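Structure file coords.cif with mmCIF, N, CA and C atoms:
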data_query
loop_
_atom_site.label_atom_id
_atom_site.label_comp_id
_atom_site.auth_asym_id
_atom_site.auth_seq_id
_atom_site.Cartn_x
_atom_site.Cartn_y
_atom_site.Cartn_z
N MET A 1350 -13.34 26.69 -19.43
CA MET A 1350 -14.27 26.98 -18.36
C MET A 1350 -15.44 26.00 -18.40
N ARG A 1351 -15.88 25.66 -19.59
CA ARG A 1351 -16.99 24.70 -19.70
C ARG A 1351 -16.60 23.34 -19.14
N ALA A 1352 -15.39 22.91 -19.43
CA ALA A 1352 -14.93 21.62 -18.93
C ALA A 1352 -14.90 21.62 -17.40
N LEU A 1353 -14.45 22.72 -16.81
CA LEU A 1353 -14.42 22.83 -15.35
C LEU A 1353 -15.83 22.80 -14.77
N GLU A 1354 -16.74 23.51 -15.39
CA GLU A 1354 -18.14 23.51 -14.93
C GLU A 1354 -18.75 22.11 -15.04
N THR A 1355 -18.46 21.43 -16.13
CA THR A 1355 -18.98 20.07 -16.33
C THR A 1355 -18.43 19.13 -15.27
N ALA A 1356 -17.13 19.23 -15.01
CA ALA A 1356 -16.51 18.39 -14.00
C ALA A 1356 -17.11 18.68 -12.62
N ALA A 1357 -17.30 19.96 -12.30
CA ALA A 1357 -17.86 20.34 -11.00
C ALA A 1357 -19.28 19.79 -10.84
N ARG A 1358 -20.10 19.90 -11.87
CA ARG A 1358 -21.46 19.36 -11.81
C ARG A 1358 -21.44 17.84 -11.61
N ARG A 1359 -20.53 17.17 -12.29
CA ARG A 1359 -20.45 15.71 -12.17
C ARG A 1359 -20.02 15.30 -10.76
N VAL A 1360 -19.02 15.97 -10.22
CA VAL A 1360 -18.57 15.64 -8.86
C VAL A 1360 -19.69 15.89 -7.86
N GLU A 1361 -20.36 17.01 -7.96
CA GLU A 1361 -21.48 17.30 -7.05
C GLU A 1361 -22.60 16.28 -7.21
N GLY A 1362 -22.90 15.91 -8.45
CA GLY A 1362 -23.96 14.93 -8.70
C GLY A 1362 -23.61 13.55 -8.20
N ASP A 1363 -22.37 13.13 -8.42
CA ASP A 1363 -21.96 11.78 -8.04
C ASP A 1363 -21.69 11.64 -6.55
N TYR A 1364 -21.14 12.70 -5.92
CA TYR A 1364 -20.66 12.57 -4.54
C TYR A 1364 -21.30 13.55 -3.56
N GLY A 1365 -22.23 14.38 -4.02
CA GLY A 1365 -22.99 15.23 -3.13
C GLY A 1365 -22.33 16.52 -2.70
N ALA A 1366 -21.08 16.74 -3.09
CA ALA A 1366 -20.39 17.97 -2.72
C ALA A 1366 -19.23 18.18 -3.67
N LEU A 1367 -18.83 19.42 -3.78
CA LEU A 1367 -17.69 19.74 -4.64
C LEU A 1367 -16.37 19.52 -3.90
N ASP A 1368 -16.40 19.57 -2.58
CA ASP A 1368 -15.18 19.44 -1.79
C ASP A 1368 -15.03 18.04 -1.18
N VAL A 1369 -15.51 17.03 -1.88
CA VAL A 1369 -15.40 15.66 -1.38
C VAL A 1369 -13.92 15.28 -1.27
N ALA A 1370 -13.58 14.59 -0.20
CA ALA A 1370 -12.18 14.19 0.03
C ALA A 1370 -11.79 13.07 -0.93
N TRP A 1371 -10.55 13.09 -1.39
CA TRP A 1371 -10.02 12.08 -2.31
C TRP A 1371 -10.27 10.67 -1.76
N GLY A 1372 -9.95 10.46 -0.49
CA GLY A 1372 -10.10 9.14 0.12
C GLY A 1372 -11.53 8.69 0.30
N ASP A 1373 -12.49 9.61 0.20
CA ASP A 1373 -13.90 9.21 0.24
C ASP A 1373 -14.32 8.54 -1.06
N VAL A 1374 -13.63 8.83 -2.14
CA VAL A 1374 -13.97 8.29 -3.46
C VAL A 1374 -12.99 7.20 -3.86
N PHE A 1375 -11.71 7.41 -3.62
CA PHE A 1375 -10.67 6.45 -4.00
C PHE A 1375 -10.32 5.61 -2.77
N ARG A 1376 -10.44 4.28 -2.92
CA ARG A 1376 -10.38 3.39 -1.77
C ARG A 1376 -9.30 2.33 -1.91
N LEU A 1377 -8.79 1.89 -0.76
CA LEU A 1377 -7.87 0.76 -0.65
C LEU A 1377 -8.69 -0.39 -0.06
N ARG A 1378 -8.86 -1.44 -0.83
CA ARG A 1378 -9.71 -2.54 -0.37
C ARG A 1378 -8.97 -3.87 -0.50
N GLY A 1379 -9.14 -4.70 0.49
CA GLY A 1379 -8.59 -6.03 0.45
C GLY A 1379 -8.68 -6.70 1.80
N ASN A 1380 -8.96 -7.99 1.79
CA ASN A 1380 -8.99 -8.79 3.01
C ASN A 1380 -9.94 -8.21 4.06
N GLY A 1381 -11.08 -7.71 3.61
CA GLY A 1381 -12.07 -7.15 4.53
C GLY A 1381 -11.85 -5.69 4.90
N LEU A 1382 -10.77 -5.09 4.43
CA LEU A 1382 -10.48 -3.68 4.72
C LEU A 1382 -11.06 -2.78 3.63
N ASP A 1383 -11.51 -1.61 4.01
CA ASP A 1383 -11.98 -0.59 3.07
C ASP A 1383 -11.51 0.74 3.64
N LEU A 1384 -10.39 1.24 3.12
CA LEU A 1384 -9.71 2.40 3.71
C LEU A 1384 -9.58 3.53 2.69
N PRO A 1385 -9.45 4.77 3.16
CA PRO A 1385 -9.24 5.88 2.24
C PRO A 1385 -7.88 5.77 1.55
N ALA A 1386 -7.88 5.98 0.25
CA ALA A 1386 -6.64 5.88 -0.52
C ALA A 1386 -5.97 7.24 -0.62
N ASN A 1387 -4.74 7.20 -1.11
CA ASN A 1387 -3.99 8.41 -1.44
C ASN A 1387 -3.14 8.05 -2.63
N GLY A 1388 -2.54 9.02 -3.24
CA GLY A 1388 -1.72 8.74 -4.42
C GLY A 1388 -2.55 8.77 -5.69
N GLY A 1389 -1.86 8.74 -6.80
CA GLY A 1389 -2.54 8.78 -8.08
C GLY A 1389 -1.69 8.13 -9.15
N ASP A 1390 -2.15 8.25 -10.39
CA ASP A 1390 -1.52 7.49 -11.46
C ASP A 1390 -0.58 8.30 -12.35
N ASP A 1391 -0.03 9.37 -11.85
CA ASP A 1391 0.96 10.14 -12.62
C ASP A 1391 2.35 9.71 -12.17
N PRO A 1392 2.99 8.78 -12.89
CA PRO A 1392 4.27 8.24 -12.40
C PRO A 1392 5.41 9.25 -12.43
N TRP A 1393 5.24 10.40 -13.05
CA TRP A 1393 6.35 11.35 -13.16
C TRP A 1393 6.29 12.45 -12.11
N GLY A 1394 5.16 12.64 -11.46
CA GLY A 1394 5.08 13.76 -10.55
C GLY A 1394 4.42 13.45 -9.23
N ILE A 1395 4.36 12.20 -8.86
CA ILE A 1395 3.67 11.85 -7.63
C ILE A 1395 4.50 10.82 -6.86
N PHE A 1396 4.59 10.96 -5.57
CA PHE A 1396 5.40 10.06 -4.75
C PHE A 1396 4.74 8.69 -4.62
N ARG A 1397 3.45 8.66 -4.42
CA ARG A 1397 2.73 7.40 -4.22
C ARG A 1397 1.96 7.05 -5.47
N ALA A 1398 2.60 6.30 -6.36
CA ALA A 1398 1.93 5.86 -7.58
C ALA A 1398 0.90 4.80 -7.22
N THR A 1399 -0.36 5.08 -7.48
CA THR A 1399 -1.45 4.15 -7.22
C THR A 1399 -2.40 4.21 -8.40
N PHE A 1400 -2.76 3.04 -8.92
CA PHE A 1400 -3.63 2.97 -10.08
C PHE A 1400 -4.99 2.42 -9.65
N TYR A 1401 -6.06 2.97 -10.19
CA TYR A 1401 -7.42 2.66 -9.75
C TYR A 1401 -8.28 2.18 -10.91
N ARG A 1402 -9.33 1.43 -10.56
CA ARG A 1402 -10.37 1.08 -11.52
C ARG A 1402 -11.71 1.40 -10.86
N PRO A 1403 -12.72 1.66 -11.68
CA PRO A 1403 -14.04 1.93 -11.10
C PRO A 1403 -14.59 0.70 -10.39
N ALA A 1404 -15.22 0.92 -9.26
CA ALA A 1404 -15.88 -0.15 -8.50
C ALA A 1404 -17.39 -0.05 -8.74
N GLU A 1405 -18.10 -1.11 -8.48
CA GLU A 1405 -19.54 -1.14 -8.72
C GLU A 1405 -20.32 -0.17 -7.85
N ASP A 1406 -19.75 0.25 -6.73
CA ASP A 1406 -20.46 1.13 -5.80
C ASP A 1406 -20.22 2.61 -6.08
N GLY A 1407 -19.61 2.95 -7.22
CA GLY A 1407 -19.37 4.34 -7.56
C GLY A 1407 -18.04 4.88 -7.09
N HIS A 1408 -17.31 4.10 -6.33
CA HIS A 1408 -15.97 4.49 -5.89
C HIS A 1408 -14.94 4.00 -6.90
N PHE A 1409 -13.69 4.27 -6.62
CA PHE A 1409 -12.58 3.74 -7.40
C PHE A 1409 -11.71 2.97 -6.42
N VAL A 1410 -11.23 1.80 -6.84
CA VAL A 1410 -10.46 0.94 -5.94
C VAL A 1410 -9.06 0.76 -6.51
N ALA A 1411 -8.06 0.81 -5.61
CA ALA A 1411 -6.66 0.64 -6.02
C ALA A 1411 -6.46 -0.78 -6.54
N VAL A 1412 -5.78 -0.88 -7.67
CA VAL A 1412 -5.49 -2.19 -8.27
C VAL A 1412 -4.00 -2.39 -8.51
N GLY A 1413 -3.19 -1.40 -8.22
CA GLY A 1413 -1.75 -1.53 -8.42
C GLY A 1413 -1.05 -0.24 -8.05
N GLY A 1414 0.25 -0.26 -8.21
CA GLY A 1414 1.05 0.92 -7.90
C GLY A 1414 2.29 0.55 -7.13
N ASP A 1415 2.75 1.47 -6.30
CA ASP A 1415 3.95 1.21 -5.50
C ASP A 1415 3.74 -0.04 -4.66
N THR A 1416 4.67 -0.95 -4.76
CA THR A 1416 4.61 -2.17 -3.97
C THR A 1416 5.53 -2.05 -2.77
N TYR A 1417 6.69 -1.47 -2.98
CA TYR A 1417 7.68 -1.34 -1.92
C TYR A 1417 8.16 0.10 -1.89
N VAL A 1418 8.16 0.70 -0.72
CA VAL A 1418 8.63 2.07 -0.54
C VAL A 1418 9.67 2.05 0.57
N ALA A 1419 10.77 2.78 0.38
CA ALA A 1419 11.80 2.85 1.41
C ALA A 1419 12.39 4.25 1.46
N ALA A 1420 12.60 4.72 2.66
CA ALA A 1420 13.33 5.96 2.89
C ALA A 1420 14.53 5.59 3.76
N VAL A 1421 15.72 5.79 3.21
CA VAL A 1421 16.94 5.31 3.86
C VAL A 1421 17.83 6.49 4.22
N GLU A 1422 18.32 6.50 5.46
CA GLU A 1422 19.30 7.48 5.91
C GLU A 1422 20.64 6.75 6.00
N PHE A 1423 21.57 7.13 5.12
CA PHE A 1423 22.88 6.48 5.08
C PHE A 1423 23.79 7.10 6.13
N ALA A 1424 23.43 6.84 7.38
CA ALA A 1424 24.19 7.33 8.54
C ALA A 1424 24.95 6.15 9.13
N ASP A 1425 25.51 6.34 10.28
CA ASP A 1425 26.19 5.26 10.97
C ASP A 1425 25.58 5.15 12.37
N PRO A 1426 24.68 4.23 12.59
CA PRO A 1426 24.25 3.15 11.71
C PRO A 1426 23.18 3.61 10.72
N VAL A 1427 23.03 2.84 9.65
CA VAL A 1427 21.99 3.12 8.65
C VAL A 1427 20.63 3.00 9.31
N ARG A 1428 19.75 3.90 8.97
CA ARG A 1428 18.36 3.85 9.45
C ARG A 1428 17.45 3.83 8.24
N ALA A 1429 16.33 3.14 8.36
CA ALA A 1429 15.40 3.09 7.23
C ALA A 1429 13.98 2.88 7.72
N ARG A 1430 13.06 3.41 6.95
CA ARG A 1430 11.63 3.18 7.15
C ARG A 1430 11.12 2.63 5.83
N VAL A 1431 10.26 1.63 5.90
CA VAL A 1431 9.85 0.90 4.70
C VAL A 1431 8.36 0.57 4.75
N LEU A 1432 7.86 0.10 3.60
CA LEU A 1432 6.47 -0.35 3.54
C LEU A 1432 6.32 -1.31 2.38
N LEU A 1433 5.73 -2.46 2.65
CA LEU A 1433 5.25 -3.37 1.61
C LEU A 1433 3.76 -3.08 1.51
N THR A 1434 3.40 -2.23 0.59
CA THR A 1434 2.06 -1.64 0.53
C THR A 1434 0.94 -2.64 0.76
N TYR A 1435 0.96 -3.74 0.03
CA TYR A 1435 -0.16 -4.69 0.10
C TYR A 1435 0.17 -5.90 0.97
N GLY A 1436 1.26 -5.84 1.71
CA GLY A 1436 1.67 -6.94 2.56
C GLY A 1436 2.62 -7.86 1.83
N ASN A 1437 3.04 -8.91 2.50
CA ASN A 1437 4.05 -9.80 1.96
C ASN A 1437 3.49 -11.22 1.87
N ALA A 1438 2.41 -11.38 1.10
CA ALA A 1438 1.82 -12.70 0.97
C ALA A 1438 0.88 -12.73 -0.23
N THR A 1439 0.70 -13.92 -0.76
CA THR A 1439 -0.30 -14.12 -1.80
C THR A 1439 -1.30 -15.19 -1.42
N GLN A 1440 -1.04 -15.90 -0.33
CA GLN A 1440 -1.96 -16.93 0.13
C GLN A 1440 -3.16 -16.27 0.79
N PRO A 1441 -4.37 -16.70 0.43
CA PRO A 1441 -5.58 -16.02 0.92
C PRO A 1441 -5.71 -15.94 2.44
N HIS A 1442 -5.19 -16.89 3.19
CA HIS A 1442 -5.39 -16.88 4.64
C HIS A 1442 -4.14 -16.47 5.42
N SER A 1443 -3.16 -15.93 4.73
CA SER A 1443 -1.94 -15.49 5.41
C SER A 1443 -2.23 -14.26 6.27
N PRO A 1444 -1.63 -14.19 7.46
CA PRO A 1444 -1.79 -12.98 8.28
C PRO A 1444 -1.08 -11.77 7.67
N HIS A 1445 -0.29 -11.99 6.64
CA HIS A 1445 0.46 -10.89 6.04
C HIS A 1445 -0.15 -10.38 4.74
N LEU A 1446 -1.32 -10.89 4.39
CA LEU A 1446 -2.05 -10.41 3.22
C LEU A 1446 -2.69 -9.06 3.60
N TYR A 1447 -2.23 -8.01 2.99
CA TYR A 1447 -2.72 -6.64 3.24
C TYR A 1447 -2.41 -6.14 4.65
N ASP A 1448 -1.44 -6.74 5.34
CA ASP A 1448 -1.21 -6.37 6.73
C ASP A 1448 -0.55 -5.00 6.90
N GLN A 1449 -0.09 -4.38 5.82
CA GLN A 1449 0.49 -3.04 5.93
C GLN A 1449 -0.37 -1.99 5.22
N LEU A 1450 -1.55 -2.40 4.78
CA LEU A 1450 -2.44 -1.49 4.05
C LEU A 1450 -2.90 -0.31 4.91
N GLU A 1451 -3.12 -0.56 6.19
CA GLU A 1451 -3.53 0.54 7.07
C GLU A 1451 -2.43 1.59 7.20
N LEU A 1452 -1.18 1.16 7.24
CA LEU A 1452 -0.07 2.12 7.25
C LEU A 1452 -0.07 2.95 5.97
N TYR A 1453 -0.31 2.29 4.84
CA TYR A 1453 -0.36 2.98 3.55
C TYR A 1453 -1.47 4.04 3.55
N ALA A 1454 -2.63 3.67 4.07
CA ALA A 1454 -3.76 4.60 4.13
C ALA A 1454 -3.42 5.82 4.99
N ARG A 1455 -2.64 5.61 6.06
CA ARG A 1455 -2.26 6.72 6.95
C ARG A 1455 -1.00 7.44 6.48
N LYS A 1456 -0.44 7.02 5.33
CA LYS A 1456 0.79 7.62 4.78
C LYS A 1456 1.96 7.45 5.73
N GLU A 1457 2.07 6.27 6.32
CA GLU A 1457 3.14 5.97 7.26
C GLU A 1457 4.03 4.86 6.73
N LEU A 1458 5.24 4.80 7.24
CA LEU A 1458 6.18 3.72 6.97
C LEU A 1458 6.50 3.06 8.31
N ARG A 1459 7.03 1.84 8.26
CA ARG A 1459 7.44 1.15 9.48
C ARG A 1459 8.96 1.08 9.53
N GLU A 1460 9.48 0.82 10.72
CA GLU A 1460 10.93 0.66 10.87
C GLU A 1460 11.40 -0.56 10.09
N ALA A 1461 12.52 -0.45 9.42
CA ALA A 1461 13.13 -1.60 8.75
C ALA A 1461 13.94 -2.39 9.77
N TRP A 1462 13.92 -3.69 9.65
CA TRP A 1462 14.71 -4.55 10.51
C TRP A 1462 16.02 -4.82 9.79
N LEU A 1463 17.09 -4.20 10.24
CA LEU A 1463 18.36 -4.21 9.52
C LEU A 1463 19.43 -5.10 10.16
N THR A 1464 19.23 -5.46 11.39
CA THR A 1464 20.25 -6.28 12.06
C THR A 1464 19.68 -7.68 12.30
N ARG A 1465 20.58 -8.63 12.52
CA ARG A 1465 20.16 -9.99 12.82
C ARG A 1465 19.24 -10.01 14.05
N ALA A 1466 19.61 -9.24 15.06
CA ALA A 1466 18.81 -9.20 16.29
C ALA A 1466 17.39 -8.68 16.01
N GLU A 1467 17.28 -7.65 15.19
CA GLU A 1467 15.95 -7.11 14.85
C GLU A 1467 15.13 -8.14 14.08
N VAL A 1468 15.75 -8.81 13.13
CA VAL A 1468 15.04 -9.83 12.36
C VAL A 1468 14.61 -10.97 13.27
N GLU A 1469 15.51 -11.46 14.11
CA GLU A 1469 15.17 -12.57 15.01
C GLU A 1469 14.08 -12.18 16.01
N ALA A 1470 14.03 -10.92 16.40
CA ALA A 1470 12.99 -10.47 17.33
C ALA A 1470 11.60 -10.51 16.69
N HIS A 1471 11.54 -10.54 15.38
CA HIS A 1471 10.25 -10.54 14.67
C HIS A 1471 9.95 -11.87 13.97
N LEU A 1472 10.74 -12.90 14.22
CA LEU A 1472 10.52 -14.20 13.61
C LEU A 1472 9.18 -14.78 14.03
N GLU A 1473 8.50 -15.38 13.09
CA GLU A 1473 7.27 -16.12 13.40
C GLU A 1473 7.53 -17.61 13.40
N SER A 1474 8.50 -18.04 12.62
CA SER A 1474 8.87 -19.45 12.60
C SER A 1474 10.30 -19.56 12.08
N ARG A 1475 10.89 -20.72 12.34
CA ARG A 1475 12.25 -20.97 11.88
C ARG A 1475 12.30 -22.42 11.40
N GLU A 1476 12.94 -22.63 10.27
CA GLU A 1476 13.08 -23.97 9.72
C GLU A 1476 14.52 -24.16 9.29
N ALA A 1477 15.15 -25.21 9.80
CA ALA A 1477 16.54 -25.50 9.42
C ALA A 1477 16.52 -26.46 8.26
N LEU A 1478 17.29 -26.19 7.26
CA LEU A 1478 17.40 -27.03 6.09
C LEU A 1478 18.77 -27.68 6.07
N SER A 1479 18.82 -28.90 5.60
CA SER A 1479 20.11 -29.58 5.48
C SER A 1479 20.11 -30.35 4.17
N LEU A 1480 21.31 -30.66 3.70
CA LEU A 1480 21.42 -31.45 2.49
C LEU A 1480 21.03 -32.89 2.78
N ALA A 1481 20.18 -33.44 1.95
CA ALA A 1481 19.77 -34.83 2.13
C ALA A 1481 20.86 -35.75 1.61
N PRO A 1482 21.12 -36.84 2.31
CA PRO A 1482 22.13 -37.78 1.81
C PRO A 1482 21.64 -38.41 0.51
N GLY A 1483 22.54 -38.67 -0.37
CA GLY A 1483 22.17 -39.29 -1.63
C GLY A 1483 23.24 -39.08 -2.66
N PRO A 1484 22.98 -39.52 -3.86
CA PRO A 1484 23.99 -39.40 -4.92
C PRO A 1484 24.27 -37.95 -5.24
N ARG A 1485 25.49 -37.70 -5.61
CA ARG A 1485 25.88 -36.34 -5.98
C ARG A 1485 26.09 -36.25 -7.46
#
Would you mind writing the structure in this file as structure tokens?
Amino acid sequence: MRALETAARRVEGDYGALDVAWGDVFRLRGNGLDLPANGGDDPWGIFRATFYRPAEDGHFVAVGGDTYVAAVEFADPVRARVLLTYGNATQPHSPHLYDQLELYARKELREAWLTRAEVEAHLESREALSLAPGPR
């Protein structure tokens, strides 16, 4: 009981209320975004594994966790919803850096592109490669 009382006093002191929302304290930040987080660091009992570190402003910021999530229906045809949590890029100015973070914050997945036509409909660029002539 003492531990619960201590925790309650700390939450009220740090965040102004006992019923503060998880996403008000735990945040998803990157590329100018600051969004409410979800998930936690219990890998055995939680669907969205997300690991946090304390931030200088008193919040906690996600630093790792689920990178790729997929829900697949093995029907005919196969259907799937997916998410690359932090986007599909490491280059600082890529449009795909954190581009799916808002979906993660809303607990949503996007449609998977499973056919050639679906993939081609979402192409941003195409580059043809060929073997260069030279010694073998």
Report task. Spell out the residues picked by the PyMOL selection byres (((chain A and resi 1449 and name CA) around 8) and name CA) here, as a list in words. Result ->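 Listing what the PyMOL selection byres (((chain A and resi 1449 and name CA) around 8) and name CA) selects in the shown file: Leu1432, Leu1433, Thr1434, Tyr1435, Gly1436, His1445, Tyr1447, Asp1448, Leu1450, Glu1451, Leu1452 and Tyr1453 of chain A.
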Report summary line: atom N of Asp1368 (chain A) to CA of Ala1454 (chain A) measures 20.7 Å
Query raised in the report: Taking all atoms listed in the file into account, which of A:Val1431, A:Val1369, A:Leu1382, A:Ala1352 comes nearest Arg1459 (chain A)?
Result: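 Selected residue with least distance to Arg1459 (chain A): A:Val1431.
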**Report entry** Residue list (strand (DSSP E or B), DSSP) for chain A, as a PyMOL selection string
**Finding:** chain A and resi 1375-1379+1382-1385+1389+1398-1403+1409-1414+1417-1422+1428-1433+1436+1446+1459-1460
Using the file's own x, y and z axes, what box holds all listed atoms of region 1422-1429 of chain A with 3 Å on each side, keeping edges along x, y and z, and what are its centre and edge lengths in Å to one decimal, as AutoDock Vina command-line options?
--center_x 20.1 --center_y 5.2 --center_z 8.8 --size_x 18.2 --size_y 10.6 --size_z 13.5
Query - Gap from atom N of Glu1361 (chain A) to atom N of Glu1405 (chain A) - Å, one decimal - result: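 Here the two named atoms are 18.3 Å from each other.
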Query raised in the report: What are the DSSP alpha helix (DSSP H) residues of chain A, as a list in words?
Result: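 Restricting chain A to alpha helix (DSSP H) produces Arg1351, Ala1352, Leu1353, Glu1354, Thr1355, Ala1356, Ala1357, Arg1358, Arg1359, Val1360, Glu1361, Gly1362, Asp1363, Tyr1364, Trp1371, Gly1372, Asp1373, Val1374, Leu1450, Glu1451, Leu1452, Tyr1453, Ala1454, Arg1465, Ala1466, Glu1467, Val1468, Glu1469 and Ala1470 of chain A.
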**Report entry** All residues 7 Å or closer to Phe1400 (chain A), all atoms listed in the file, same chain fewer than 3 positions away omitted, as a PyMOL selection string
**Finding:** chain A and resi 1388-1390+1410-1415
**Report entry** Distance of atom N of Phe1409 (chain A) from atom C of Asp1391 (chain A), expressed in Å to one decimal place
**Finding:**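 Going from atom C of Asp1391 (chain A) over to atom N of Phe1409 (chain A) covers 17.8 Å.
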Report task. Just the residues within 8 Å of Trp1371 (chain A), please, counting all atoms listed in the file, with nothing from its chain fewer than 5 positions along; format it as JSON, numbers by chain. Result -> {"A": [1376, 1385, 1386, 1387]}
